[in-house]
Amino acid sequence: MKAAAFPSKIANLSFPPGRCPLFFRSPATFLSPALSSSISTPCRKLRRGRRGIEGLMSQSSSSQLLSSLSTSFSSQSEPELVQSQLHAPKPKSPPQQFPWLIVGLGNPGKKFQGTRHNVGFEMVDALADAEGISMNTVNFKALFGKGAIGNIPIMLAKPQTFMNASGESVGQIVSFYKIPLKQVLVIYDDLDLPFGKLRLLPKGGHGGHNGMRSIIDRLKGNRDFPRLRIGIGRPPGKMDTANYVLRQFNKQEQQELDYTFQTGLEAIRIMLLEGFNKSATFVNTRKSMEQLS
């Protein structure tokens with residue numbers, strides 16, 4: 001009963017002409033003078049009862065109050081929004097991706113095709129065939145080709161300077177493309193490894209190999225680049241080493257070498273896609289075809 005009587009008492013109250021301070025005194029106490037004056041509106045004739053009061057509040061003061069508050073708060077948040085945008089961290093650009101340079105060492109010309117000293121050339125040819133990379137371009141004093149393994153860009157090179165001057169070609173490519181030395185793989189023959197055996201190392205000296213000596217010299221003595229050595233074995237008896245490395249492979253040796261090349265291809269793919277260490281473990285613990293038989 002008391003709750004029902006309250007609206008009727010309010011409705012019977014009289015107000016100063018033109019303004020209704022009773023309804024807007026409370027919000028005006030915490031708003032600015034300009035905002036307070038903007039929401040004090042002329043009185044409207046009230047009907048008796050709860051509906052008359054609620055109708056006036058909903059139609060006039062409530063809508064203007066919400067509108068004014070919304071404008072006030074939105075204007076206050078704009079500087080904060082600008083500040084947050086100014087201090088927001090900029091998205092980082094992805095690091096530049098350099099290609100891998102894979103170099104096979106050998107001597108140009110038909111005279112040297114299929115010889116032990118040219119297994120580096122043959123390994124690169126096998127890689128180009130497997131990955132569909134053309135090697136018909138001559139650039140940087142080398143037969144040159146570009147492609148990719150997975151999403152890793154690669155460049156293949158077979159220097160045409162003859163073995164002892166291989167560094168002239170390799171040095172130019174590394175300098176032109178600014179390739180990090182850790183992404184320069186050199187493939188060459190090695191007398192000190194058993195025939196068909198592979199050895200992958202992250203760095204090292206030239207080991208008496210004239211092609212590697214030339215490359216290290218052109219890189220200003222820097223030896224910190226990976227190399228894949230392909231074993232060709234020692235010459236039999238008292239055969240001269242120079243004559244031995246220029247000998248061609250017989251049929252059985254070529255079959256063993258094909259198996260070695262397949263292992264080498266897999267090792268290169270692992271190195272580019274999964275990392276050097278995993279590739280080195282794969283290569284350096286794998287047995288040659290001769291050891292398997």
# chains A, B, ... in the order shown; residues from 1 in each chain; ligands from 1
call {"tool": "residues_around", "arguments": {"residues": "region 221-236 of chain A", "least_positions_apart": "6", "cutoff": "9 Å", "atoms": "only C-alpha atoms", "output": "PyMOL selection string"}}
result
chain A and resi 116-117+119-120+180-206+215+243-245+260+264+276
call {"tool": "write_last_selection", "arguments": {"atoms": "C-alpha atoms", "output": "short mmCIF file (atom, residue, chain, number, x, y, z; two decimals), in the first residue's frame"}}
result
data_model
loop_
_atom_site.label_atom_id
_atom_site.label_comp_id
_atom_site.auth_asym_id
_atom_site.auth_seq_id
_atom_site.Cartn_x
_atom_site.Cartn_y
_atom_site.Cartn_z
CA ARG A 116 87.00 -39.74 -60.09
CA HIS A 117 88.00 -36.10 -59.79
CA VAL A 119 82.28 -36.79 -58.62
CA GLY A 120 81.35 -33.34 -57.29
CA PRO A 180 76.23 -16.72 -45.39
CA LEU A 181 79.10 -19.23 -45.48
CA LYS A 182 77.13 -21.63 -43.30
CA GLN A 183 74.83 -21.98 -46.32
CA VAL A 184 77.57 -22.82 -48.83
CA LEU A 185 77.90 -26.57 -49.35
CA VAL A 186 80.88 -27.76 -51.38
CA ILE A 187 80.91 -31.33 -52.75
CA TYR A 188 84.18 -32.90 -53.86
CA ASP A 189 86.18 -36.12 -54.10
CA ASP A 190 88.33 -37.40 -51.26
CA LEU A 191 91.21 -39.86 -51.58
CA ASP A 192 91.28 -40.55 -47.85
CA LEU A 193 87.75 -42.01 -47.69
CA PRO A 194 86.92 -45.53 -48.86
CA PHE A 195 85.23 -45.68 -52.24
CA GLY A 196 81.56 -44.67 -52.06
CA LYS A 197 81.75 -43.45 -48.47
CA LEU A 198 80.27 -40.03 -47.64
CA ARG A 199 81.35 -37.64 -44.93
CA LEU A 200 79.51 -34.42 -44.05
CA LEU A 201 81.41 -31.84 -41.98
CA PRO A 202 80.49 -28.28 -40.88
CA LYS A 203 83.95 -26.84 -41.58
CA GLY A 204 87.61 -27.75 -41.99
CA GLY A 205 90.75 -27.29 -44.04
CA HIS A 206 91.46 -28.15 -47.66
CA ILE A 215 87.91 -21.67 -52.46
CA ASN A 243 96.59 -40.40 -62.99
CA TYR A 244 94.32 -42.20 -60.57
CA VAL A 245 91.91 -39.27 -59.98
CA THR A 260 76.21 -43.11 -53.02
CA GLY A 264 73.86 -37.84 -50.88
CA PHE A 276 72.80 -29.90 -40.42
#
call {"tool": "residues_around", "arguments": {"residues": "Gly109 (chain A)", "least_positions_apart": "2", "cutoff": "12 Å", "atoms": "only C-alpha atoms", "output": "JSON list (two decimals) with N, CA, C and O atoms, in the first residue's frame"}}
result
[["chain", "number", "residue", "atom", "x", "y", "z"],
["A", 106, "GLY", "N", 84.91, -30.04, -60.03],
["A", 106, "GLY", "CA", 85.34, -30.93, -61.09],
["A", 106, "GLY", "C", 86.05, -30.15, -62.19],
["A", 106, "GLY", "O", 86.34, -28.95, -62.04],
["A", 107, "ASN", "N", 86.35, -30.81, -63.28],
["A", 107, "ASN", "CA", 86.98, -30.19, -64.45],
["A", 107, "ASN", "C", 86.01, -30.20, -65.62],
["A", 107, "ASN", "O", 85.32, -31.19, -65.84],
["A", 111, "LYS", "N", 86.63, -34.71, -71.83],
["A", 111, "LYS", "CA", 87.80, -35.49, -71.43],
["A", 111, "LYS", "C", 87.72, -35.94, -69.97],
["A", 111, "LYS", "O", 88.24, -37.02, -69.61],
["A", 112, "PHE", "N", 87.07, -35.13, -69.13],
["A", 112, "PHE", "CA", 87.05, -35.41, -67.69],
["A", 112, "PHE", "C", 85.72, -35.98, -67.20],
["A", 112, "PHE", "O", 85.58, -36.25, -66.00],
["A", 113, "GLN", "N", 84.78, -36.17, -68.11],
["A", 113, "GLN", "CA", 83.48, -36.71, -67.69],
["A", 113, "GLN", "C", 83.64, -38.14, -67.19],
["A", 113, "GLN", "O", 84.36, -38.95, -67.79],
["A", 114, "GLY", "N", 82.98, -38.44, -66.08],
["A", 114, "GLY", "CA", 83.01, -39.79, -65.55],
["A", 114, "GLY", "C", 84.29, -40.17, -64.84],
["A", 114, "GLY", "O", 84.52, -41.35, -64.55],
["A", 115, "THR", "N", 85.14, -39.18, -64.53],
["A", 115, "THR", "CA", 86.39, -39.48, -63.82],
["A", 115, "THR", "C", 86.19, -39.27, -62.31],
["A", 115, "THR", "O", 85.23, -38.62, -61.87],
["A", 118, "ASN", "N", 85.77, -35.82, -60.76],
["A", 118, "ASN", "CA", 84.56, -35.07, -61.12],
["A", 118, "ASN", "C", 83.30, -35.55, -60.38],
["A", 118, "ASN", "O", 82.20, -35.22, -60.79],
["A", 121, "PHE", "N", 80.85, -32.79, -59.60],
["A", 121, "PHE", "CA", 79.97, -32.44, -60.72],
["A", 121, "PHE", "C", 78.79, -33.42, -60.82],
["A", 121, "PHE", "O", 77.64, -33.03, -60.99],
["A", 158, "LYS", "N", 78.48, -25.47, -60.96],
["A", 158, "LYS", "CA", 79.62, -26.31, -61.34],
["A", 158, "LYS", "C", 80.67, -25.40, -61.98],
["A", 158, "LYS", "O", 80.56, -25.05, -63.16],
["A", 159, "PRO", "N", 81.66, -24.96, -61.21],
["A", 159, "PRO", "CA", 82.67, -24.03, -61.75],
["A", 159, "PRO", "C", 83.34, -24.59, -63.00],
["A", 159, "PRO", "O", 83.72, -25.76, -63.04],
["A", 160, "GLN", "N", 83.49, -23.73, -64.01],
["A", 160, "GLN", "CA", 84.10, -24.12, -65.28],
["A", 160, "GLN", "C", 85.52, -23.56, -65.40],
["A", 160, "GLN", "O", 86.05, -23.42, -66.51],
["A", 161, "THR", "N", 86.14, -23.29, -64.29],
["A", 161, "THR", "CA", 87.47, -22.67, -64.27],
["A", 161, "THR", "C", 88.59, -23.70, -64.20],
["A", 161, "THR", "O", 89.76, -23.32, -64.09],
["A", 162, "PHE", "N", 88.24, -24.99, -64.23],
["A", 162, "PHE", "CA", 89.13, -26.09, -63.87],
["A", 162, "PHE", "C", 89.32, -26.11, -62.36],
["A", 162, "PHE", "O", 89.18, -25.10, -61.67],
["A", 163, "MET", "N", 89.58, -27.28, -61.88],
["A", 163, "MET", "CA", 89.56, -27.56, -60.45],
["A", 163, "MET", "C", 90.38, -26.57, -59.63],
["A", 163, "MET", "O", 89.91, -26.04, -58.62]]
call {"tool": "residues_around", "arguments": {"residues": "Trp100 (chain A)", "least_positions_apart": "6", "cutoff": "12 Å", "atoms": "only C-alpha atoms", "output": "MDAnalysis selection string"}}
result
chainID A and resid 145:149 151:157 173:174 177:186 225:226 268:269 271:273
call {"tool": "atom_distance", "arguments": {"atom1": "CA of Val283 (chain A)", "atom2": "CA of Met135 (chain A)"}}
result
25.8 Å
call {"tool": "atom_distance", "arguments": {"atom1": "CA of Gly211 (chain A)", "atom2": "CA of Gly150 (chain A)"}}
result
29.6 Å
call {"tool": "select_by_dssp", "arguments": {"residues": "region 118-293 of chain A", "states": "strand (DSSP E or B)", "output": "PyMOL selection string"}}
result
chain A and resi 137-139+142-149+152-159+184-190+198-201+227-231+248
call {"tool": "atom_distance", "arguments": {"atom1": "CA of Asn210 (chain A)", "atom2": "CA of Thr241 (chain A)"}}
result
13.2 Å
call {"tool": "closest_residue", "arguments": {"among": "A:Met212, A:Leu127, A:Val170, A:Ala242", "to": "Gln262 (chain A)", "atoms": "only C-alpha atoms"}}
result
A:Leu127
call {"tool": "closest_residue", "arguments": {"among": "A:Glu266, A:Thr285, A:Gln252, A:Val103", "to": "Ala130 (chain A)", "atoms": "only C-alpha atoms"}}
result
A:Glu266
